[in-house]
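Text of final_22.txt (compact mmCIF, C-alpha atoms) as supplied:
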# COMPACT_ATOMS: atom_id res chain seq x y z
CA MET N 22 0.00 0.00 0.00
CA HIS N 23 2.89 2.38 0.67
CA GLU N 24 5.21 1.08 -1.96
CA LEU N 25 6.81 4.39 -2.90
CA PRO N 26 8.10 5.38 0.58
CA PHE N 27 8.92 1.71 1.10
CA THR N 28 10.99 1.60 -2.08
CA GLN N 29 12.74 4.88 -1.30
CA SER N 30 13.68 3.59 2.12
CA LEU N 31 14.81 0.29 0.61
CA LEU N 32 17.18 2.10 -1.75
CA GLU N 33 18.53 4.31 1.03
CA ILE N 34 19.32 1.31 3.25
CA ALA N 35 20.92 -0.68 0.41
CA LEU N 36 23.09 2.24 -0.75
CA ARG N 37 24.23 2.98 2.80
CA HIS N 38 25.36 -0.60 3.40
CA ALA N 39 26.97 -0.89 -0.05
CA GLN N 40 28.93 2.29 0.54
CA GLN N 41 30.19 1.02 3.90
CA ALA N 42 31.41 -2.12 2.10
CA ASN N 43 33.03 -0.08 -0.73
CA ALA N 44 30.87 -1.85 -3.30
CA GLN N 45 30.96 -0.85 -6.97
CA ARG N 46 27.57 -2.27 -7.72
CA ILE N 47 24.53 -3.80 -6.03
CA THR N 48 23.28 -6.76 -8.03
CA ASP N 49 20.56 -8.29 -5.84
CA LEU N 50 18.36 -7.32 -2.90
CA HIS N 51 16.77 -9.93 -0.66
CA ILE N 52 13.60 -8.61 0.89
CA VAL N 53 11.37 -10.31 3.43
CA ILE N 54 7.71 -9.34 3.48
CA GLY N 55 5.03 -10.75 5.72
CA GLU N 56 1.61 -11.55 4.33
CA LEU N 57 -0.01 -9.03 6.70
CA SER N 58 2.19 -6.11 5.68
CA SER N 59 0.15 -5.50 2.49
CA MET N 60 3.02 -4.71 0.14
CA VAL N 61 2.67 -5.53 -3.53
CA ASP N 62 5.80 -6.92 -5.19
CA ASP N 63 5.00 -5.67 -8.70
CA SER N 64 4.43 -2.18 -7.45
CA ILE N 65 7.74 -2.14 -5.55
CA GLN N 66 9.51 -3.35 -8.69
CA PHE N 67 7.84 -0.60 -10.71
CA TYR N 68 9.07 2.15 -8.36
CA TRP N 69 12.45 0.49 -8.01
CA ASP N 70 13.15 0.68 -11.74
CA ILE N 71 12.53 4.42 -11.60
CA ILE N 72 14.24 5.47 -8.40
CA ALA N 73 17.32 3.19 -8.56
CA LYS N 74 18.22 4.59 -11.98
CA ASP N 75 21.62 6.30 -12.04
CA THR N 76 22.67 4.77 -8.73
CA ILE N 77 25.00 1.80 -8.16
CA ALA N 78 21.84 -0.23 -7.59
CA GLN N 79 20.47 0.37 -11.07
CA GLY N 80 19.24 -2.88 -12.59
CA ALA N 81 19.54 -4.83 -9.34
CA ARG N 82 17.21 -7.79 -9.02
CA LEU N 83 14.65 -7.74 -6.23
CA HIS N 84 13.97 -11.07 -4.54
CA PHE N 85 10.95 -11.29 -2.32
CA ARG N 86 10.56 -13.88 0.38
CA ARG N 87 6.97 -13.96 1.52
CA VAL N 88 6.27 -15.01 5.10
CA PRO N 89 2.78 -16.45 5.56
CA ALA N 90 0.70 -15.16 8.45
CA GLU N 91 0.57 -17.39 11.48
CA LEU N 92 -1.69 -16.73 14.43
CA GLN N 93 -2.23 -18.39 17.76
CA CYS N 94 -5.62 -18.30 19.41
CA MET N 95 -5.36 -17.00 22.97
CA VAL N 96 -8.45 -18.94 24.02
CA CYS N 97 -7.80 -22.48 22.76
CA PHE N 98 -4.10 -21.96 21.83
CA ASN N 99 -4.63 -23.46 18.40
CA LYS N 100 -2.10 -22.17 15.85
CA TYR N 101 -3.54 -21.36 12.43
CA ARG N 102 -3.03 -19.53 9.18
CA PRO N 103 -5.83 -17.07 8.47
CA GLN N 104 -7.74 -17.82 5.30
CA GLN N 105 -8.96 -14.95 3.10
CA GLY N 106 -8.21 -12.37 5.76
CA GLU N 107 -10.50 -14.01 8.32
CA LEU N 108 -8.73 -13.60 11.62
CA LEU N 109 -11.16 -15.57 13.81
CA CYS N 110 -9.88 -18.84 15.19
CA PRO N 111 -11.15 -21.58 12.84
CA THR N 112 -11.34 -24.07 15.74
CA CYS N 113 -13.21 -22.20 18.46
CA GLY N 114 -14.32 -19.02 16.66
CA SER N 115 -12.63 -16.70 19.15
CA VAL N 116 -11.06 -13.38 18.32
CA GLY N 117 -7.89 -12.13 19.93
CA ALA N 118 -5.20 -14.21 18.40
CA LYS N 119 -1.58 -13.35 18.84
CA ILE N 120 0.29 -12.75 15.59
CA LEU N 121 3.29 -15.07 15.47
CA ALA N 122 4.42 -14.24 11.94
CA GLY N 123 3.34 -12.23 8.93
CA GLU N 124 4.18 -8.63 9.83
CA GLU N 125 7.82 -8.77 8.63
CA CYS N 126 9.07 -6.01 6.38
CA PHE N 127 12.85 -5.88 6.17
CA LEU N 128 15.86 -6.01 3.90
CA GLU N 129 17.66 -9.22 4.72
CA ALA N 130 20.76 -8.96 2.56
CA ILE N 131 22.25 -7.47 -0.57
CA ASP N 132 24.63 -8.95 -3.12
CA ILE N 133 27.40 -6.57 -4.15
CA GLU N 134 30.38 -6.48 -6.45
CA MET Y 14 34.39 -10.17 -6.05
CA PRO Y 15 30.67 -10.69 -5.74
CA ARG Y 16 29.65 -11.19 -2.15
CA GLN Y 17 26.65 -10.88 0.06
CA ILE Y 18 26.16 -8.51 3.00
CA LYS Y 19 23.70 -9.40 5.74
CA ILE Y 20 21.55 -6.43 6.65
CA VAL Y 21 18.25 -7.27 8.37
CA GLU Y 22 17.06 -3.69 8.66
CA ASN Y 23 13.42 -2.76 8.92
CA ILE Y 24 12.50 -1.02 5.68
CA LEU Y 25 10.30 1.61 7.27
CA SER Y 26 12.97 2.33 9.88
CA ALA Y 27 13.72 5.77 8.38
CA ASN Y 28 10.26 6.93 9.43
CA ASP Y 29 10.68 5.35 12.87
CA ARG Y 30 13.99 7.17 13.40
CA LEU Y 31 12.40 10.50 12.53
CA ALA Y 32 9.48 9.70 14.83
CA GLU Y 33 11.96 9.19 17.67
CA GLU Y 34 13.51 12.56 16.90
CA ASN Y 35 10.08 14.18 17.02
CA ARG Y 36 9.44 12.51 20.36
CA ALA Y 37 12.75 13.72 21.77
CA ARG Y 38 11.94 17.26 20.69
CA LEU Y 39 8.50 17.09 22.34
CA ASP Y 40 9.95 15.59 25.52
CA ALA Y 41 12.62 18.28 25.73
CA ALA Y 42 9.91 20.93 25.58
CA GLY Y 43 7.61 19.08 28.00
CA VAL Y 44 4.79 18.82 25.47
CA PHE Y 45 2.39 15.86 25.63
CA ALA Y 46 1.39 14.86 22.09
CA ILE Y 47 -1.46 12.72 20.85
CA ASN Y 48 -1.97 11.31 17.36
CA LEU Y 49 -5.70 11.34 16.69
CA MET Y 50 -6.80 8.80 14.10
CA ALA Y 51 -10.22 7.83 12.78
CA SER Y 52 -12.25 7.23 9.69
CA PRO Y 53 -13.60 10.35 7.94
CA GLY Y 54 -16.61 11.71 9.79
CA ALA Y 55 -15.98 9.94 13.11
CA GLY Y 56 -15.67 13.30 14.83
CA LYS Y 57 -11.97 14.03 15.21
CA THR Y 58 -12.35 17.75 14.63
CA SER Y 59 -15.49 17.92 16.76
CA LEU Y 60 -13.60 16.19 19.56
CA ILE Y 61 -10.82 18.76 19.27
CA GLU Y 62 -13.36 21.60 19.40
CA GLN Y 63 -15.13 20.16 22.43
CA THR Y 64 -11.84 19.40 24.15
CA LEU Y 65 -10.60 22.96 23.68
CA ALA Y 66 -13.87 24.35 24.98
CA ARG Y 67 -13.69 22.21 28.12
CA LEU Y 68 -10.00 22.77 28.74
CA ASP Y 69 -10.92 26.42 29.00
CA GLY Y 70 -7.33 27.61 29.02
CA ARG Y 71 -6.03 25.07 31.55
CA LEU Y 72 -3.54 23.80 28.98
CA ARG Y 73 -1.82 25.66 26.19
CA VAL Y 74 -2.75 23.70 23.09
CA ALA Y 75 -1.32 23.49 19.59
CA VAL Y 76 -3.19 21.58 16.91
CA VAL Y 77 -1.68 20.10 13.78
CA GLU Y 78 -4.26 19.16 11.17
CA GLY Y 79 -3.47 16.66 8.46
CA ASP Y 80 -5.74 16.68 5.45
CA ILE Y 81 -5.44 15.90 1.80
CA ALA Y 82 -6.56 19.45 0.98
CA THR Y 83 -8.14 22.61 2.49
CA SER Y 84 -7.50 24.36 5.81
CA LEU Y 85 -11.08 23.95 7.07
CA ASP Y 86 -10.03 21.90 10.10
CA ALA Y 87 -7.21 24.22 11.18
CA ASP Y 88 -9.67 27.11 10.94
CA ARG Y 89 -12.12 25.25 13.17
CA ALA Y 90 -9.41 24.45 15.73
CA ALA Y 91 -8.22 28.07 15.81
CA ALA Y 92 -11.79 29.31 16.20
CA ALA Y 93 -12.32 26.87 19.08
CA GLY Y 94 -9.42 28.34 21.02
CA ALA Y 95 -6.23 26.55 20.04
CA GLN Y 96 -3.23 28.80 20.65
CA ALA Y 97 -1.77 27.60 17.36
CA ALA Y 98 -3.26 25.61 14.49
CA ILE Y 99 -1.13 24.37 11.66
CA GLN Y 100 -2.55 22.74 8.59
CA ILE Y 101 -0.57 20.13 6.73
CA ASN Y 102 -1.92 19.33 3.31
CA THR Y 103 -0.59 15.96 2.35
CA GLY Y 104 -1.35 16.54 -1.30
CA GLY Y 105 -2.95 13.15 -1.81
CA GLU Y 106 -1.10 11.08 0.76
CA CYS Y 107 -3.55 9.12 2.86
CA HIS Y 108 -1.70 9.54 6.17
CA LEU Y 109 0.72 11.78 8.03
CA ASP Y 110 4.29 10.60 8.48
CA ALA Y 111 7.12 11.64 10.75
CA VAL Y 112 8.63 14.01 8.17
CA MET Y 113 5.38 15.93 7.86
CA LEU Y 114 5.06 16.24 11.61
CA ARG Y 115 8.65 17.40 11.86
CA SER Y 116 8.00 20.22 9.42
CA ALA Y 117 4.95 21.24 11.48
CA LEU Y 118 6.96 21.17 14.73
CA GLU Y 119 9.51 23.47 13.13
CA GLN Y 120 6.78 26.07 12.76
CA LEU Y 121 5.96 26.00 16.48
CA ASP Y 122 7.76 27.38 19.50
CA LEU Y 123 7.17 24.24 21.56
CA SER Y 124 8.07 25.93 24.84
CA GLN Y 125 4.76 27.79 24.56
CA PHE Y 126 2.60 24.64 24.72
CA ASP Y 127 1.56 21.86 27.09
CA LEU Y 128 -0.44 19.72 24.69
CA LEU Y 129 -0.09 18.98 20.98
CA ILE Y 130 -3.03 17.40 19.21
CA VAL Y 131 -2.20 15.94 15.81
CA GLU Y 132 -5.25 15.16 13.72
CA ASN Y 133 -4.29 12.52 11.21
CA VAL Y 134 -5.92 12.09 7.79
CA GLY Y 135 -9.28 10.33 8.05
CA ASN Y 136 -8.41 6.73 7.28
CA LEU Y 137 -8.61 3.48 9.23
CA VAL Y 138 -5.76 1.73 7.45
CA CYS Y 139 -2.61 3.65 6.62
CA PRO Y 140 -2.01 5.96 9.62
CA ALA Y 141 -1.44 2.89 11.79
CA SER Y 142 1.72 2.05 9.81
CA PHE Y 143 3.47 5.40 10.25
CA LYS Y 144 4.63 6.44 13.69
CA LEU Y 145 4.78 10.17 14.24
CA GLY Y 146 6.50 10.36 17.61
CA ALA Y 147 3.39 11.24 19.62
CA HIS Y 148 3.13 9.93 23.19
CA ALA Y 149 -0.24 8.33 22.67
CA SER Y 150 -2.11 7.19 19.61
CA VAL Y 151 -5.82 7.70 20.00
CA LEU Y 152 -8.47 6.11 17.80
CA VAL Y 153 -11.81 7.87 17.56
CA ALA Y 154 -14.44 5.28 16.68
CA SER Y 155 -18.05 6.36 16.24
CA THR Y 156 -21.18 4.33 16.62
CA PRO Y 157 -22.67 4.93 13.12
CA GLU Y 158 -19.61 3.26 11.58
CA GLY Y 159 -20.92 -0.05 12.86
CA ASP Y 160 -19.82 -2.50 15.52
CA ASP Y 161 -17.73 -4.64 13.17
CA LYS Y 162 -14.89 -2.18 12.63
CA PRO Y 163 -12.40 -3.79 15.05
CA TYR Y 164 -12.84 -7.01 13.11
CA LYS Y 165 -12.39 -5.32 9.72
CA TYR Y 166 -9.52 -2.99 10.61
CA PRO Y 167 -7.47 -5.01 13.09
CA GLY Y 168 -4.23 -3.17 12.29
CA MET Y 169 -5.64 0.11 13.52
CA TYR Y 170 -7.41 -1.26 16.59
CA ARG Y 171 -4.41 -3.34 17.60
CA GLY Y 172 -1.90 -0.48 17.66
CA VAL Y 173 -3.65 2.29 19.59
CA ASP Y 174 -3.14 3.34 23.21
CA VAL Y 175 -6.51 4.97 23.74
CA LEU Y 176 -9.95 4.40 22.23
CA VAL Y 177 -12.62 7.08 22.12
CA ILE Y 178 -16.11 5.88 21.20
CA ASN Y 179 -17.93 8.95 19.91
CA LYS Y 180 -21.62 9.54 19.18
CA ILE Y 181 -22.90 7.34 22.00
CA ASP Y 182 -26.01 9.55 22.06
CA LEU Y 183 -27.03 7.80 18.82
CA LEU Y 184 -26.99 4.30 20.31
CA PRO Y 185 -30.79 4.08 20.73
CA TYR Y 186 -31.19 4.58 16.97
CA LEU Y 187 -28.53 2.17 15.74
CA ASN Y 188 -27.99 -1.56 15.62
CA PHE Y 189 -24.66 -1.09 17.33
CA ARG Y 190 -23.91 -3.95 19.71
CA MET Y 191 -21.52 -2.43 22.22
CA ASP Y 192 -20.59 -5.82 23.70
CA TYR Y 193 -19.72 -7.22 20.26
CA PHE Y 194 -17.68 -4.11 19.43
CA ARG Y 195 -15.83 -4.19 22.73
CA ARG Y 196 -15.15 -7.91 22.46
CA GLY Y 197 -13.43 -7.25 19.13
CA VAL Y 198 -11.40 -4.43 20.63
CA GLU Y 199 -10.51 -6.35 23.76
CA ALA Y 200 -9.38 -9.29 21.70
CA LEU Y 201 -6.93 -7.21 19.71
CA ASN Y 202 -5.92 -4.74 22.38
CA PRO Y 203 -6.72 -6.04 25.85
CA GLY Y 204 -7.18 -3.40 28.53
CA VAL Y 205 -7.02 -0.44 26.12
CA LEU Y 206 -8.08 2.78 27.85
CA THR Y 207 -11.56 3.62 26.54
CA PHE Y 208 -13.64 6.81 26.68
CA PRO Y 209 -17.24 6.46 25.46
CA LEU Y 210 -18.56 9.96 24.85
CA SER Y 211 -20.71 12.25 22.75
CA CYS Y 212 -19.35 15.45 21.29
CA ARG Y 213 -22.94 16.56 20.68
CA THR Y 214 -24.37 16.16 24.20
CA GLY Y 215 -21.08 16.44 26.10
CA GLU Y 216 -21.62 13.14 27.91
CA GLY Y 217 -18.33 11.47 28.86
CA LEU Y 218 -16.15 14.37 27.75
CA SER Y 219 -14.98 15.35 31.23
CA ALA Y 220 -13.24 11.99 31.80
CA TRP Y 221 -11.40 12.41 28.50
CA VAL Y 222 -10.39 15.99 29.29
CA ASP Y 223 -9.25 15.03 32.81
CA TRP Y 224 -7.07 12.31 31.31
CA LEU Y 225 -5.46 14.78 28.89
CA ILE Y 226 -4.76 17.26 31.69
CA HIS Y 227 -3.26 14.54 33.84
CA GLN Y 228 -1.02 13.33 31.01
CA ALA Y 229 0.04 16.82 29.96
CA ARG Y 230 0.99 17.77 33.52
CA ALA Y 231 3.01 14.57 33.92
CA THR Y 232 5.04 15.23 30.73

As structure tokens, please, write out the structure in this file.
Amino acid sequence: MHELPFTQSLLEIALRHAQQANAQRITDLHIVIGELSSMVDDSIQFYWDIIAKDTIAQGARLHFRRVPAELQCMVCFNKYRPQQGELLCPTCGSVGAKILAGEECFLEAIDIE
Amino acid sequence: MPRQIKIVENILSANDRLAEENRARLDAAGVFAINLMASPGAGKTSLIEQTLARLDGRLRVAVVEGDIATSLDADRAAAAGAQAAIQINTGGECHLDAVMLRSALEQLDLSQFDLLIVENVGNLVCPASFKLGAHASVLVASTPEGDDKPYKYPGMYRGVDVLVINKIDLLPYLNFRMDYFRRGVEALNPGVLTFPLSCRTGEGLSAWVDWLIHQARAT
């Protein structure tokens, strides 16, 4: 949903780390995105192609690792993956699950030359 | 030589860093700041007007209004007695972010205020993702929106420190099941501080205003 500020921040982080490592070029970015963070890969790629132009990251490949959402019901302690955005516990119907995974949104690594 | 560098850095961390700077600036000046969020029409601006009227000069208040366009809300806040009212037009952005708040703070002499009220853009989705640096995030829910909103917008209901339930005077006319609504809230955000009130009749407003005064004096 906020792919432009996301992509700008992504570039800033990658360039900063590449500079610290005296890299000539960034070839790949490894990004981890949780299912609940509502980021759209295609849209990030679209902005990336524009904003990374004329930087050492121009043409770098973006690799997305998607982390599925995992919740744990705080009533029956069943662990489940929400289906079609339905957050209720499928076993006991309770609300109030704890989110175990799915909110990730970070740059894991970059490949440089 | 091609090689890989491990990073593991949160991608929205730039905003979070700026939010921390905003917070430090507010703390240094002793200003208590709230980030008021709600859907359009829930009554954020009405709540600010009623709050200013009831504070009656007991706190020095600055209001920062975030809107996609117009300065209607800043005008209302100034007319209601805010010592300063700054309008931020986001120009299409659906939320305020820490950079926008920073530019507003730069226009204020913070030593002149006790309380800063930031009215975010009316939206139940995006503002939850962008920290501003306020001390408390406050969600204004209103009864005509329906009792299913905590279930439909869990991101917003999960992340707030305070919940205001506005327009309780309309409850007799609506199919709003307060227990169902509160169960959804409690499930996502157990023990969240809640103020049911009506900006129209004034019911419940004094508890909210007392809380603000207490917080502002403790900051």

Worksheet item: Residues at most 7 Å from Ala51 (chain Y), counting all atoms listed in the file, excluding those fewer than 3 positions away in the same chain, as a list of chain:residue names?
Response: Y:Ala55, Y:Lys57, Y:Gly135, Y:Asn136, Y:Leu137, Y:Leu152, Y:Val153, Y:Ala154

For chain N, which residues have at least one atom within 7 Å of chain Y, if we go by all atoms listed in the file? Write them as an mmCIF file with C-alpha atoms, keeping the file's coordinate frame, please.
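Result went into out-v1.cif, see below:
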data_model
loop_
_atom_site.group_PDB
_atom_site.id
_atom_site.type_symbol
_atom_site.label_atom_id
_atom_site.label_comp_id
_atom_site.auth_asym_id
_atom_site.auth_seq_id
_atom_site.Cartn_x
_atom_site.Cartn_y
_atom_site.Cartn_z
ATOM 1 C CA PHE N 27 8.920 1.710 1.100
ATOM 2 C CA SER N 30 13.680 3.590 2.120
ATOM 3 C CA LEU N 31 14.810 0.290 0.610
ATOM 4 C CA VAL N 116 -11.060 -13.380 18.320
ATOM 5 C CA GLY N 117 -7.890 -12.130 19.930
ATOM 6 C CA CYS N 126 9.070 -6.010 6.380
ATOM 7 C CA PHE N 127 12.850 -5.880 6.170
ATOM 8 C CA LEU N 128 15.860 -6.010 3.900
ATOM 9 C CA GLU N 129 17.660 -9.220 4.720
ATOM 10 C CA ALA N 130 20.760 -8.960 2.560
ATOM 11 C CA ILE N 131 22.250 -7.470 -0.570
ATOM 12 C CA ASP N 132 24.630 -8.950 -3.120
ATOM 13 C CA ILE N 133 27.400 -6.570 -4.150
ATOM 14 C CA GLU N 134 30.380 -6.480 -6.450
#

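For the pair CA of Ala229 (chain Y) and CA of Ile47 (chain Y), the interatomic distance is 10.1 Å.
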
Using all atoms of region 152-158 of chain Y listed in the file and a margin of 4 Å per side, can you give the axis-aligned box centre and edge lengths in Å to one decimal, as JSON?
{"center_x": -15.6, "center_y": 5.6, "center_z": 14.7, "size_x": 22.2, "size_y": 12.6, "size_z": 14.2}

Practice prompt. For region 87-104 of chain N, list every protein, DNA or RNA residue within 10 Å, evaluated using only C-alpha atoms, and leave out those in the same chain fewer than 2 positions away; present the list as a ChimeraX atom specification.
Written response: /N:52-58,62,84-85,106-126 /Y:200
